[in-house]
>>> print(open('target-v2.pdb').read())   # PDB, C-alpha atoms
MODEL        1
ATOM      1  CA  MET A   7       0.000   0.000   0.000
ATOM      2  CA  PRO A   8       1.275   3.498  -0.597
ATOM      3  CA  GLU A   9       2.541   4.951   2.653
ATOM      4  CA  GLU A  10       3.869   8.266   3.805
ATOM      5  CA  ALA A  11       7.646   8.595   3.705
ATOM      6  CA  ASN A  12       9.702  11.361   5.243
ATOM      7  CA  ARG A  13      11.527  13.571   2.803
ATOM      8  CA  ARG A  14      14.343  15.978   3.577
ATOM      9  CA  ARG A  15      14.206  19.448   2.171
ATOM     10  CA  SER A  16      16.308  19.698  -0.957
ATOM     11  CA  SER A  17      17.070  22.559  -3.262
ATOM     12  CA  GLY A  18      14.079  23.227  -5.467
ATOM     13  CA  GLY A  19      11.831  20.913  -3.426
ATOM     14  CA  SER A  20       9.618  21.199  -0.410
ATOM     15  CA  ASP A  21       9.331  19.392   2.863
ATOM     16  CA  GLY A  22       5.782  18.188   2.144
ATOM     17  CA  ARG A  23       4.556  14.604   2.226
ATOM     18  CA  VAL A  24       5.440  12.059  -0.412
ATOM     19  CA  TRP A  25       3.943   8.583  -0.712
ATOM     20  CA  THR A  26       5.727   5.380  -1.621
ATOM     21  CA  ALA A  27       4.857   1.712  -1.768
ATOM     22  CA  GLY A  28       4.865  -0.056   1.553
ATOM     23  CA  SER A  29       2.679  -1.968   3.974
ATOM     24  CA  ASP A  30       1.999   0.586   6.717
ATOM     25  CA  THR A  31      -1.657   1.669   6.825
ATOM     26  CA  SER A  32      -1.387   4.031   9.789
ATOM     27  CA  ALA A  33      -0.576   7.313   8.055
ATOM     28  CA  PRO A  34      -1.743  10.282  10.133
ATOM     29  CA  GLN A  35      -5.138  11.614   9.088
ATOM     30  CA  PRO A  36      -6.064  15.283   9.237
ATOM     31  CA  GLU A  37      -9.230  16.325  11.056
ATOM     32  CA  ARG A  38     -12.180  15.772   8.688
ATOM     33  CA  ASP A  39     -15.928  15.909   8.443
ATOM     34  CA  SER A  40     -17.545  13.166  10.458
ATOM     35  CA  THR A  41     -20.777  12.698   8.467
ATOM     36  CA  ILE A  42     -22.065  13.035   4.936
ATOM     37  CA  GLU A  43     -24.459  15.683   6.239
ATOM     38  CA  SER A  44     -21.551  17.761   7.555
ATOM     39  CA  MET A  45     -19.884  17.487   4.154
ATOM     40  CA  VAL A  46     -23.065  18.838   2.534
ATOM     41  CA  ALA A  47     -23.289  21.612   5.126
ATOM     42  CA  GLY A  48     -19.621  22.452   4.528
ATOM     43  CA  ARG A  49     -20.279  22.639   0.764
ATOM     44  CA  LYS A  50     -17.960  19.766  -0.043
ATOM     45  CA  LEU A  51     -20.825  17.659  -1.387
ATOM     46  CA  ARG A  52     -24.157  18.684  -2.818
ATOM     47  CA  GLN A  53     -27.366  16.773  -3.042
ATOM     48  CA  VAL A  54     -28.491  15.724  -6.516
ATOM     49  CA  ASP A  55     -31.103  13.492  -8.073
ATOM     50  CA  PRO A  56     -29.719  10.004  -8.724
ATOM     51  CA  ILE A  57     -29.479   9.228 -12.447
ATOM     52  CA  PRO A  58     -29.137   5.492 -13.190
ATOM     53  CA  ARG A  59     -27.924   6.083 -16.763
ATOM     54  CA  TYR A  60     -25.164   8.380 -15.462
ATOM     55  CA  GLN A  61     -24.171   5.749 -12.903
ATOM     56  CA  ARG A  62     -23.929   3.124 -15.658
ATOM     57  CA  ASP A  63     -21.841   5.508 -17.768
ATOM     58  CA  LEU A  64     -19.464   6.037 -14.845
ATOM     59  CA  THR A  65     -19.127   2.324 -14.089
ATOM     60  CA  ASN A  66     -18.608   1.556 -17.787
ATOM     61  CA  GLN A  67     -15.894   4.215 -17.911
ATOM     62  CA  CYS A  68     -14.412   2.720 -14.742
ATOM     63  CA  GLY A  69     -14.166  -0.702 -16.401
ATOM     64  CA  GLU A  70     -12.642   0.809 -19.543
ATOM     65  CA  THR A  71     -10.117   2.723 -17.454
ATOM     66  CA  ILE A  72      -9.088  -0.465 -15.651
ATOM     67  CA  ALA A  73      -8.584  -2.149 -19.039
ATOM     68  CA  GLY A  74      -6.471   0.824 -20.115
ATOM     69  CA  ALA A  75      -4.412   0.579 -16.926
ATOM     70  CA  GLN A  76      -3.746  -3.094 -17.584
ATOM     71  CA  ALA A  77      -2.689  -2.342 -21.154
ATOM     72  CA  ALA A  78      -0.417   0.515 -20.042
ATOM     73  CA  LYS A  79       1.406  -1.225 -17.194
ATOM     74  CA  ALA A  80       4.144  -2.734 -19.389
ATOM     75  CA  ALA A  81       4.932   0.611 -21.016
ATOM     76  CA  SER A  82       4.507   2.860 -17.978
ATOM     77  CA  PRO A  83       3.679   1.773 -14.423
ATOM     78  CA  ARG A  84       3.069   5.450 -13.580
ATOM     79  CA  VAL A  85       0.412   5.787 -16.279
ATOM     80  CA  ALA A  86      -1.127   2.464 -15.219
ATOM     81  CA  PHE A  87      -1.206   3.570 -11.570
ATOM     82  CA  ASN A  88      -2.853   6.905 -12.409
ATOM     83  CA  ALA A  89      -5.440   5.144 -14.561
ATOM     84  CA  ALA A  90      -6.204   2.710 -11.728
ATOM     85  CA  TYR A  91      -6.629   5.660  -9.353
ATOM     86  CA  SER A  92      -8.995   7.291 -11.870
ATOM     87  CA  ALA A  93     -11.003   4.078 -12.027
ATOM     88  CA  MET A  94     -11.415   4.112  -8.237
ATOM     89  CA  ARG A  95     -12.565   7.736  -8.419
ATOM     90  CA  LEU A  96     -15.128   6.898 -11.116
ATOM     91  CA  ALA A  97     -16.518   4.063  -8.989
ATOM     92  CA  VAL A  98     -16.861   6.432  -6.029
ATOM     93  CA  ASP A  99     -18.636   8.997  -8.233
ATOM     94  CA  ALA A 100     -21.125   6.340  -9.407
ATOM     95  CA  HIS A 101     -21.818   5.273  -5.813
ATOM     96  CA  MET A 102     -22.158   8.888  -4.761
ATOM     97  CA  ASN A 103     -24.703   9.650  -7.492
ATOM     98  CA  ALA A 104     -26.707   6.540  -6.613
ATOM     99  CA  HIS A 105     -27.019   7.913  -3.089
ATOM    100  CA  GLY A 106     -27.923  11.427  -4.227
ATOM    101  CA  TYR A 107     -24.605  13.255  -3.894
ATOM    102  CA  ARG A 108     -21.979  14.905  -6.040
ATOM    103  CA  VAL A 109     -18.700  16.590  -5.122
ATOM    104  CA  GLU A 110     -18.852  20.374  -5.310
ATOM    105  CA  SER A 111     -16.613  21.916  -7.954
ATOM    106  CA  GLY A 112     -13.340  23.423  -6.885
ATOM    107  CA  GLU A 113     -10.289  22.646  -4.855
ATOM    108  CA  GLY A 114     -10.296  19.504  -2.749
ATOM    109  CA  GLY A 115     -12.617  17.406  -4.895
ATOM    110  CA  HIS A 116     -10.391  14.326  -4.830
ATOM    111  CA  ALA A 117     -10.011  14.550  -1.035
ATOM    112  CA  HIS A 118     -13.784  14.951  -0.641
ATOM    113  CA  ARG A 119     -14.339  11.783  -2.691
ATOM    114  CA  VAL A 120     -11.953   9.884  -0.433
ATOM    115  CA  ARG A 121     -13.771  11.120   2.662
ATOM    116  CA  TYR A 122     -17.098  10.144   1.133
ATOM    117  CA  ALA A 123     -15.743   6.619   0.536
ATOM    118  CA  GLU A 124     -14.570   6.445   4.153
ATOM    119  CA  LEU A 125     -18.016   7.458   5.394
ATOM    120  CA  ALA A 126     -20.358   5.754   2.959
ATOM    121  CA  MET A 127     -18.666   2.767   1.340
ATOM    122  CA  THR A 128     -17.451   0.684   4.284
ATOM    123  CA  ASP A 129     -20.353  -1.711   3.786
ATOM    124  CA  ILE A 130     -19.112  -2.709   0.309
ATOM    125  CA  LEU A 131     -15.310  -2.224   0.523
ATOM    126  CA  THR A 132     -12.693  -3.220   3.064
ATOM    127  CA  THR A 133     -11.095  -0.551   5.212
ATOM    128  CA  ASP A 134      -7.763  -1.550   3.645
ATOM    129  CA  ASP A 135      -9.070  -0.820   0.143
ATOM    130  CA  ILE A 136     -10.435   2.544   1.240
ATOM    131  CA  ALA A 137      -7.135   3.352   2.992
ATOM    132  CA  TYR A 138      -5.324   2.390  -0.212
ATOM    133  CA  TYR A 139      -7.548   4.793  -2.154
ATOM    134  CA  ARG A 140      -6.646   7.584   0.305
ATOM    135  CA  ALA A 141      -2.910   6.916  -0.027
ATOM    136  CA  SER A 142      -3.190   6.542  -3.810
ATOM    137  CA  ARG A 143      -4.531  10.062  -4.051
ATOM    138  CA  GLN A 144      -1.201  11.322  -2.722
ATOM    139  CA  VAL A 145       0.826   9.197  -5.146
ATOM    140  CA  ARG A 146      -1.313  10.346  -8.058
ATOM    141  CA  HIS A 147      -0.839  13.962  -7.011
ATOM    142  CA  ARG A 148       2.958  13.546  -6.873
ATOM    143  CA  THR A 149       3.050  11.937 -10.310
ATOM    144  CA  GLU A 150       0.738  14.486 -11.910
ATOM    145  CA  TYR A 151       2.324  17.524 -10.239
ATOM    146  CA  PRO A 152       5.960  16.597  -9.585
ATOM    147  CA  GLU A 153       8.207  18.975  -7.740
ATOM    148  CA  PRO A 154      11.355  20.220  -9.481
ATOM    149  CA  ASN A 155      14.150  17.655  -9.437
ATOM    150  CA  GLU A 156      11.937  15.073  -7.727
ATOM    151  CA  GLN A 157       9.987  12.349  -9.460
ATOM    152  CA  ALA A 158       7.551  10.042  -7.714
ATOM    153  CA  ALA A 159       8.578   6.584  -8.877
ATOM    154  CA  VAL A 160       5.839   4.016  -9.331
ATOM    155  CA  THR A 161       6.962   0.424  -9.704
ATOM    156  CA  ALA A 162       5.202  -2.274 -11.718
ATOM    157  CA  SER A 163       4.163  -4.035  -8.508
ATOM    158  CA  VAL A 164       2.579  -0.852  -7.141
ATOM    159  CA  ALA A 165       0.742  -0.365 -10.446
ATOM    160  CA  ASN A 166      -0.482  -3.978 -10.314
ATOM    161  CA  GLU A 167      -1.696  -3.534  -6.744
ATOM    162  CA  ALA A 168      -3.561  -0.340  -7.707
ATOM    163  CA  ILE A 169      -5.224  -2.144 -10.609
ATOM    164  CA  GLU A 170      -6.359  -4.949  -8.289
ATOM    165  CA  VAL A 171      -7.835  -2.438  -5.820
ATOM    166  CA  ALA A 172      -9.559  -0.606  -8.699
ATOM    167  CA  LYS A 173     -11.097  -3.933  -9.777
ATOM    168  CA  ARG A 174     -12.486  -4.403  -6.265
ATOM    169  CA  PHE A 175     -13.968  -0.869  -6.307
ATOM    170  CA  TYR A 176     -15.523  -1.603  -9.698
ATOM    171  CA  ALA A 177     -16.985  -4.949  -8.601
ATOM    172  CA  ALA A 178     -18.332  -3.576  -5.323
ATOM    173  CA  VAL A 179     -20.032  -0.603  -6.929
ATOM    174  CA  THR A 180     -21.432  -2.436  -9.951
ATOM    175  CA  ASN A 181     -22.838  -5.166  -7.678
ATOM    176  CA  THR A 182     -24.393  -2.537  -5.415
ATOM    177  CA  LEU A 183     -25.950  -0.623  -8.313
ATOM    178  CA  LYS A 184     -27.396  -3.620 -10.162
ATOM    179  CA  PRO A 185     -31.061  -2.985 -10.843
ATOM    180  CA  THR A 186     -33.506  -5.447  -9.345
ATOM    181  CA  ARG A 187     -35.707  -7.419 -11.731
ATOM    182  CA  ASN A 188     -38.920  -6.129 -10.162
ATOM    183  CA  LYS A 189     -37.924  -2.519 -10.698
ATOM    184  CA  THR A 190     -38.814  -0.722 -13.916
ATOM    185  CA  THR A 191     -37.241   2.567 -14.841
ATOM    186  CA  ASN A 192     -37.847   5.001 -17.637
ATOM    187  CA  GLU A 193     -34.414   6.160 -18.626
TER
ENDMDL
END
>>> encode(input="target-v2.pdb", output="structure tokens")
Amino acid sequence: MPEEANRRRSSGGSDGRVWTAGSDTSAPQPERDSTIESMVAGRKLRQVDPIPRYQRDLTNQCGETIAGAQAAKAASPRVAFNAAYSAMRLAVDAHMNAHGYRVESGEGGHAHRVRYAELAMTDILTTDDIAYYRASRQVRHRTEYPEPNEQAAVTASVANEAIEVAKRFYAAVTNTLKPTRNKTTNE
């Protein structure tokens, strides 16, 4: 699992957090909202009407993104990792919409999705998978926005692990959102 690693200040860098592959799941967590309702009140989430077609589109895109991650892993573990992270995010968005929520636009959207998963998805995902999603957000950020003279290295094994977690997110959400046979919808 990605874990926080200490980093010394270097010229052109910062002394912020960086995440690497490891097995420690006890990274310190900042103070956060304790309920979905407090996230809505704090304008981190907004209430929306659930749209089953949109949820299907998101889960389909999630599956396609996982396939893309698998195809990319030989050429670039970093690209594969970022695609796997995106697949997890898409699964969370589908679950969120099914429950009548959407992340507000603006800064912090990825962090708000992680917090939503921590609060609302523990009945369908393991705490380890949700913790992996949280840590993956940091790795993805470091690979997408690298600091000067510092590159976040992603190994093939880390990319493979991210793909496996993304598959579990996909399976959990698609199984949760399956329509029942007695239900008819006009979409």
>>> atom_distance(input="target-v2.pdb", atom1="atom CA of A:Tyr107", atom2="atom CA of A:Val145")
25.8 Å
>>> atom_distance(input="target-v2.pdb", atom1="atom CA of A:His118", atom2="atom CA of A:Val160")
24.1 Å
>>> closest_atom_pairs(input="target-v2.pdb", of="stretch 110-168 of chain A", to="stretch 63-82 of chain A", cutoff="9 Å", atoms="all atoms listed in the file", output="JSON lines")
{"residue": "A:Val160", "atom": "CA", "partner": "A:Ser82", "partner_atom": "CA", "distance": 8.8}
{"residue": "A:Thr161", "atom": "CA", "partner": "A:Ser82", "partner_atom": "CA", "distance": 9.0}
{"residue": "A:Ala162", "atom": "CA", "partner": "A:Lys79", "partner_atom": "CA", "distance": 6.7}
{"residue": "A:Ala165", "atom": "CA", "partner": "A:Lys79", "partner_atom": "CA", "distance": 6.8}
{"residue": "A:Asn166", "atom": "CA", "partner": "A:Lys79", "partner_atom": "CA", "distance": 7.6}
>>> closest_residue(input="target-v2.pdb", among="A:Val164, A:Ala117, A:Ile169, A:Ala97", to="A:His147", atoms="all atoms listed in the file")
A:Ala117
>>> resolve_selection(input="target-v2.pdb", expression="the PyMOL selection byres ((chain A and resi 98) around 8)", output="short mmCIF file (atom, residue, chain, number, x, y, z; two decimals) with C-alpha atoms, in the coordinates of the input")
data_model
loop_
_atom_site.label_atom_id
_atom_site.label_comp_id
_atom_site.auth_asym_id
_atom_site.auth_seq_id
_atom_site.Cartn_x
_atom_site.Cartn_y
_atom_site.Cartn_z
CA MET A 94 -11.42 4.11 -8.24
CA ARG A 95 -12.56 7.74 -8.42
CA LEU A 96 -15.13 6.90 -11.12
CA ALA A 97 -16.52 4.06 -8.99
CA ASP A 99 -18.64 9.00 -8.23
CA ALA A 100 -21.12 6.34 -9.41
CA HIS A 101 -21.82 5.27 -5.81
CA MET A 102 -22.16 8.89 -4.76
CA ARG A 119 -14.34 11.78 -2.69
CA ALA A 123 -15.74 6.62 0.54
CA PHE A 175 -13.97 -0.87 -6.31
CA VAL A 179 -20.03 -0.60 -6.93
#
>>> atom_distance(input="target-v2.pdb", atom1="atom CA of A:Lys173", atom2="atom CA of A:Tyr151")
25.3 Å
>>> closest_residue(input="target-v2.pdb", among="A:Gln61, A:Ser142, A:Thr149, A:Thr132", to="A:Arg174", atoms="only C-alpha atoms")
A:Thr132
>>> closest_residue(input="target-v2.pdb", among="A:Phe87, A:Tyr60, A:Tyr176, A:Tyr139", to="A:Glu124", atoms="only C-alpha atoms")
A:Tyr139
>>> residues_around(input="target-v2.pdb", residues="stretch 37-53 of chain A", least_positions_apart="3", cutoff="9 Å", atoms="only C-alpha atoms", output="list in words")
Asn103, His105, Gly106, Tyr107, Arg108, Val109, Glu110, Ser111, Gly114, Gly115, His118, Arg119, Arg121, Tyr122, Leu125 and Ala126 of chain A
